[in-house]
Amino acid sequence: MNAIETKQLTKRFGAVTAVDALDLVVREGELFALLGVNGAGKTTTIKMLSGLLKPTDGSARVLGHDLGSELSAIKPLLAVSPQETAVAPNLTVRENLELIAGIYGSDRSRVAQMLDELGLQKAEKIKAKSLSGGWQRRLSIAMALVSDPQLLFLDEPTLGLDVLARRELWKVIEALKGKVTVILTTHYMEEAESLCDRVGIMNNGKLILTGTPRELLDAAGTDSFEEAFIRLAGGETA
């Protein structure tokens with residue numbers, strides 16, 4: 001089963017078309033990256049697929065359900081880790097996870113599981129406001145996963161992190177492969193190339209091309225993924 005299928009999915013804000021007739025397929029269990037410059041439509045796409053924005057036109061199926069008529073069935077199956085790290089600063093790591101588990105009605109054993117799987121045990125009694133940016137992002141992802149979603153949206157998960165913190169978070173994200181379908185947005189080309197099964201490139205609200213990192217390199221006629229992105233996002237081919 002495909003986790004996501006969109007047909008002509010469109011979002012307009014007045015005269016501005018943020019997402020333009022998007023036809024996208026994301027396979028169940030894969031780690032898929034949406035790449036594009038600022039304003040390309042990545043975050044708007046995620047907001048539509050997660051039910052935070054209503055599409056202007058087109059249709060989508062998410063985890064086998066129609067986005068327009070079955071949103072209430074979709075929402076319990078997905079989670080979002082937004083660009084802005086969404087943690088309660090005055091609660092400890094464990095308390096943040098217990099809060100979200102309580103909201104979603106998740107088994108409390110998921111809290112212990114997330115502490116273990118994301119390597120948060122040594123920080124579980126520390127207040128979130130005292131954590132570094134990298135550890136706050138790790139906690140944010142754990143909070144998204146504590147409800148045991150089938151689909152996870154990661155919007156710029158390593159934005160603003162230093163090189164070491166980013167690489168540590170890569171390990172966390174890579175460990176999700178095959179366990180949950182992940183849609184990732186990022187401005188770090190090496191992140192998409194290293195982590196993702198397939199990549200979609202967006203520009204001006206349109207999906208330009210999708211493929212494996214190798215397929216995109218071949219399409220652009222270069223061995224540099226960054227150069228491939230520049231060429232493809234700009235409409236150039238080899």
# chains A, B, ... in the order shown; residues from 1 in each chain; ligands from 1
>>> residues_around(residues="stretch 179-196 of chain A", least_positions_apart="5", cutoff="9 Å", atoms="only C-alpha atoms", output="VMD selection string")
chain A and resid 3 26 to 38 42 to 43 46 148 to 159 166 to 167 170 173 to 174 212 to 214 225 to 226 229
>>> write_last_selection(atoms="N, CA, C and O atoms", output="compact mmCIF listing (two decimals), in the first residue's frame")
# COMPACT_ATOMS: atom_id res chain seq x y z
N ALA A 3 1.59 4.94 1.23
CA ALA A 3 1.21 5.72 2.40
C ALA A 3 0.52 7.01 2.01
O ALA A 3 -0.40 7.47 2.69
N VAL A 26 4.08 8.39 -2.08
CA VAL A 26 5.07 7.98 -1.08
C VAL A 26 4.72 6.56 -0.65
O VAL A 26 3.59 6.29 -0.24
N ARG A 27 5.67 5.68 -0.76
CA ARG A 27 5.43 4.28 -0.45
C ARG A 27 5.48 4.03 1.06
O ARG A 27 6.20 4.69 1.79
N GLU A 28 4.70 3.06 1.47
CA GLU A 28 4.65 2.71 2.89
C GLU A 28 6.02 2.25 3.36
O GLU A 28 6.68 1.43 2.72
N GLY A 29 6.47 2.80 4.47
CA GLY A 29 7.73 2.38 5.09
C GLY A 29 8.96 3.07 4.59
O GLY A 29 10.05 2.86 5.12
N GLU A 30 8.82 3.94 3.58
CA GLU A 30 10.03 4.59 3.06
C GLU A 30 10.30 5.92 3.75
O GLU A 30 9.43 6.50 4.39
N LEU A 31 11.54 6.36 3.62
CA LEU A 31 11.95 7.66 4.11
C LEU A 31 12.08 8.56 2.89
O LEU A 31 12.97 8.38 2.06
N PHE A 32 11.16 9.51 2.78
CA PHE A 32 11.03 10.33 1.58
C PHE A 32 11.33 11.78 1.93
O PHE A 32 10.81 12.32 2.91
N ALA A 33 12.18 12.43 1.14
CA ALA A 33 12.52 13.83 1.38
C ALA A 33 11.85 14.73 0.36
O ALA A 33 11.81 14.42 -0.84
N LEU A 34 11.32 15.84 0.83
CA LEU A 34 10.85 16.92 -0.04
C LEU A 34 11.87 18.04 0.04
O LEU A 34 12.12 18.59 1.12
N LEU A 35 12.47 18.36 -1.11
CA LEU A 35 13.49 19.40 -1.17
C LEU A 35 12.98 20.58 -1.98
O LEU A 35 12.18 20.42 -2.90
N GLY A 36 13.47 21.75 -1.64
CA GLY A 36 13.12 22.95 -2.39
C GLY A 36 13.62 24.17 -1.65
O GLY A 36 13.85 24.13 -0.44
N VAL A 37 13.78 25.27 -2.39
CA VAL A 37 14.19 26.51 -1.74
C VAL A 37 13.03 27.03 -0.90
O VAL A 37 11.91 26.52 -0.95
N ASN A 38 13.29 28.06 -0.09
CA ASN A 38 12.22 28.66 0.71
C ASN A 38 11.09 29.12 -0.21
O ASN A 38 11.32 29.75 -1.25
N LYS A 42 6.98 23.15 0.34
CA LYS A 42 7.19 21.93 1.15
C LYS A 42 6.34 21.93 2.41
O LYS A 42 5.61 20.97 2.69
N THR A 43 6.46 22.99 3.20
CA THR A 43 5.74 23.04 4.48
C THR A 43 4.24 23.09 4.26
O THR A 43 3.46 22.46 5.00
N ILE A 46 3.06 19.57 3.64
CA ILE A 46 2.98 18.82 4.89
C ILE A 46 1.74 19.23 5.69
O ILE A 46 1.02 18.39 6.25
N ASP A 148 2.96 6.20 18.61
CA ASP A 148 3.15 5.07 17.70
C ASP A 148 2.47 5.30 16.35
O ASP A 148 1.67 4.49 15.88
N PRO A 149 2.83 6.42 15.67
CA PRO A 149 2.19 6.74 14.38
C PRO A 149 2.68 5.82 13.27
O PRO A 149 3.79 5.27 13.33
N GLN A 150 1.87 5.70 12.24
CA GLN A 150 2.29 4.99 11.03
C GLN A 150 3.00 5.93 10.05
O GLN A 150 3.75 5.48 9.18
N LEU A 151 2.75 7.24 10.21
CA LEU A 151 3.30 8.24 9.30
C LEU A 151 3.84 9.40 10.13
O LEU A 151 3.13 9.93 10.99
N LEU A 152 5.08 9.78 9.87
CA LEU A 152 5.73 10.85 10.63
C LEU A 152 6.24 11.92 9.67
O LEU A 152 6.98 11.63 8.73
N PHE A 153 5.85 13.17 9.93
CA PHE A 153 6.36 14.30 9.17
C PHE A 153 7.44 15.01 9.98
O PHE A 153 7.19 15.44 11.11
N LEU A 154 8.63 15.13 9.41
CA LEU A 154 9.74 15.83 10.04
C LEU A 154 10.05 17.07 9.21
O LEU A 154 10.60 16.97 8.12
N ASP A 155 9.69 18.23 9.73
CA ASP A 155 9.87 19.48 8.98
C ASP A 155 11.15 20.15 9.48
O ASP A 155 11.20 20.69 10.58
N GLU A 156 12.20 20.09 8.66
CA GLU A 156 13.51 20.67 8.98
C GLU A 156 13.99 20.20 10.37
O GLU A 156 14.28 21.02 11.25
N PRO A 157 14.13 18.90 10.58
CA PRO A 157 14.44 18.39 11.92
C PRO A 157 15.81 18.80 12.45
O PRO A 157 16.01 18.82 13.67
N THR A 158 16.77 19.11 11.58
CA THR A 158 18.11 19.45 12.05
C THR A 158 18.46 20.91 11.82
O THR A 158 19.63 21.30 11.90
N LEU A 159 17.45 21.74 11.56
CA LEU A 159 17.68 23.15 11.29
C LEU A 159 18.39 23.82 12.47
O LEU A 159 17.97 23.73 13.62
N ARG A 166 23.79 17.39 14.37
CA ARG A 166 23.04 16.98 13.19
C ARG A 166 23.32 15.51 12.86
O ARG A 166 22.39 14.74 12.58
N ARG A 167 24.59 15.11 12.93
CA ARG A 167 24.93 13.72 12.63
C ARG A 167 24.32 12.76 13.66
O ARG A 167 23.92 11.65 13.31
N TRP A 170 20.80 12.33 12.72
CA TRP A 170 20.70 11.46 11.54
C TRP A 170 20.55 10.00 11.95
O TRP A 170 19.77 9.26 11.36
N ILE A 173 17.03 9.34 13.03
CA ILE A 173 16.10 9.30 11.90
C ILE A 173 16.31 8.03 11.08
O ILE A 173 15.34 7.37 10.67
N GLU A 174 17.56 7.66 10.84
CA GLU A 174 17.85 6.47 10.05
C GLU A 174 17.30 5.21 10.70
O GLU A 174 16.86 4.27 10.02
N THR A 212 15.30 8.14 -6.62
CA THR A 212 16.34 7.87 -5.63
C THR A 212 17.42 8.93 -5.78
O THR A 212 17.53 9.58 -6.82
N PRO A 213 18.25 9.13 -4.75
CA PRO A 213 19.35 10.07 -4.90
C PRO A 213 20.21 9.77 -6.13
O PRO A 213 20.61 10.69 -6.85
N ARG A 214 20.45 8.49 -6.41
CA ARG A 214 21.25 8.12 -7.57
C ARG A 214 20.55 8.52 -8.87
O ARG A 214 21.18 9.01 -9.81
N PHE A 225 25.37 15.97 -5.28
CA PHE A 225 23.94 16.05 -5.03
C PHE A 225 23.48 17.51 -4.92
O PHE A 225 22.39 17.86 -5.38
N GLU A 226 24.31 18.34 -4.34
CA GLU A 226 23.97 19.76 -4.26
C GLU A 226 23.85 20.37 -5.64
O GLU A 226 22.91 21.13 -5.93
N PHE A 229 20.66 19.19 -7.28
CA PHE A 229 19.50 19.95 -6.80
C PHE A 229 19.41 21.30 -7.49
O PHE A 229 18.33 21.71 -7.95
>>> select_by_dssp(residues="stretch 55-149 of chain A", states="helix (DSSP H, G or I)", output="PyMOL selection string")
chain A and resi 71-77+93-104+109-117+121-123+128-130+133-145
>>> closest_residue(among="A:Arg231, A:Arg138, A:Lys177, A:Lys47", to="A:Leu161", atoms="only C-alpha atoms")
A:Arg138
>>> residues_around(residues="stretch 96-104 of chain A", least_positions_apart="2", cutoff="7 Å", atoms="only C-alpha atoms", output="MDAnalysis selection string")
chainID A and resid 87:88 91:94 106 108 111 143 146:147
>>> select_by_dssp(residues="stretch 70-140 of chain A", states="strand (DSSP E or B)", output="VMD selection string")
chain A and resid 78 to 81 92 127
>>> write_last_selection(atoms="N, CA, C and O atoms", output="mmCIF file, in the first residue's frame")
data_model
loop_
_atom_site.group_PDB
_atom_site.id
_atom_site.type_symbol
_atom_site.label_atom_id
_atom_site.label_comp_id
_atom_site.auth_asym_id
_atom_site.auth_seq_id
_atom_site.Cartn_x
_atom_site.Cartn_y
_atom_site.Cartn_z
ATOM 1 N N LEU A 78 -0.999 9.585 12.354
ATOM 2 C CA LEU A 78 0.179 10.349 11.955
ATOM 3 C C LEU A 78 0.631 11.276 13.074
ATOM 4 O O LEU A 78 -0.080 11.517 14.043
ATOM 5 N N ALA A 79 1.856 11.779 12.911
ATOM 6 C CA ALA A 79 2.415 12.741 13.864
ATOM 7 C C ALA A 79 3.306 13.703 13.103
ATOM 8 O O ALA A 79 3.829 13.375 12.033
ATOM 9 N N VAL A 80 3.470 14.890 13.669
ATOM 10 C CA VAL A 80 4.279 15.929 13.046
ATOM 11 C C VAL A 80 5.300 16.444 14.047
ATOM 12 O O VAL A 80 4.959 16.755 15.190
ATOM 13 N N SER A 81 6.558 16.530 13.605
ATOM 14 C CA SER A 81 7.586 17.217 14.380
ATOM 15 C C SER A 81 7.908 18.495 13.608
ATOM 16 O O SER A 81 8.590 18.452 12.590
ATOM 17 N N THR A 92 10.253 18.077 32.548
ATOM 18 C CA THR A 92 11.414 17.251 32.245
ATOM 19 C C THR A 92 11.170 16.479 30.951
ATOM 20 O O THR A 92 10.051 16.459 30.417
ATOM 21 N N LYS A 127 14.976 19.279 32.794
ATOM 22 C CA LYS A 127 13.935 20.105 32.186
ATOM 23 C C LYS A 127 14.307 20.424 30.743
ATOM 24 O O LYS A 127 15.474 20.663 30.425
#
>>> closest_residue(among="A:Val62, A:Leu77, A:Met1, A:Thr44", to="A:Phe13", atoms="only C-alpha atoms")
A:Thr44
>>> closest_residue(among="A:Ser69, A:Asn2, A:Ser224, A:Asn204", to="A:Lys54", atoms="only C-alpha atoms")
A:Ser69
>>> closest_atom_pairs(of="stretch 24-111 of chain A", to="stretch 5-10 of chain A", cutoff="7 Å", atoms="only C-alpha atoms", output="tab-separated table")
residue	atom	partner	partner_atom	distance
A:Leu24	CA	A:Thr6	CA	5.1
A:Val25	CA	A:Glu5	CA	4.6
A:Val26	CA	A:Glu5	CA	6.7
A:Pro55	CA	A:Thr10	CA	5.9
A:Thr56	CA	A:Thr10	CA	5.6
A:Asp57	CA	A:Thr10	CA	5.0
A:Gly58	CA	A:Leu9	CA	4.1
A:Ser59	CA	A:Lys7	CA	5.3
A:Ala60	CA	A:Thr6	CA	4.1
A:Arg61	CA	A:Glu5	CA	5.2
A:Val62	CA	A:Glu5	CA	6.7
>>> closest_residue(among="A:Ala220, A:Ile4, A:Gln121, A:Ala86", to="A:Leu63", atoms="only C-alpha atoms")
A:Ile4
>>> closest_residue(among="A:Leu118, A:Ala219, A:Leu207, A:Ile74", to="A:Ala175", atoms="only C-alpha atoms")
A:Leu118
>>> closest_residue(among="A:Asp23, A:Val172, A:Val16, A:Ser140", to="A:Gln83", atoms="only C-alpha atoms")
A:Ser140
>>> atom_distance(atom1="atom CA of A:Glu215", atom2="atom CA of A:Leu22")
20.3 Å
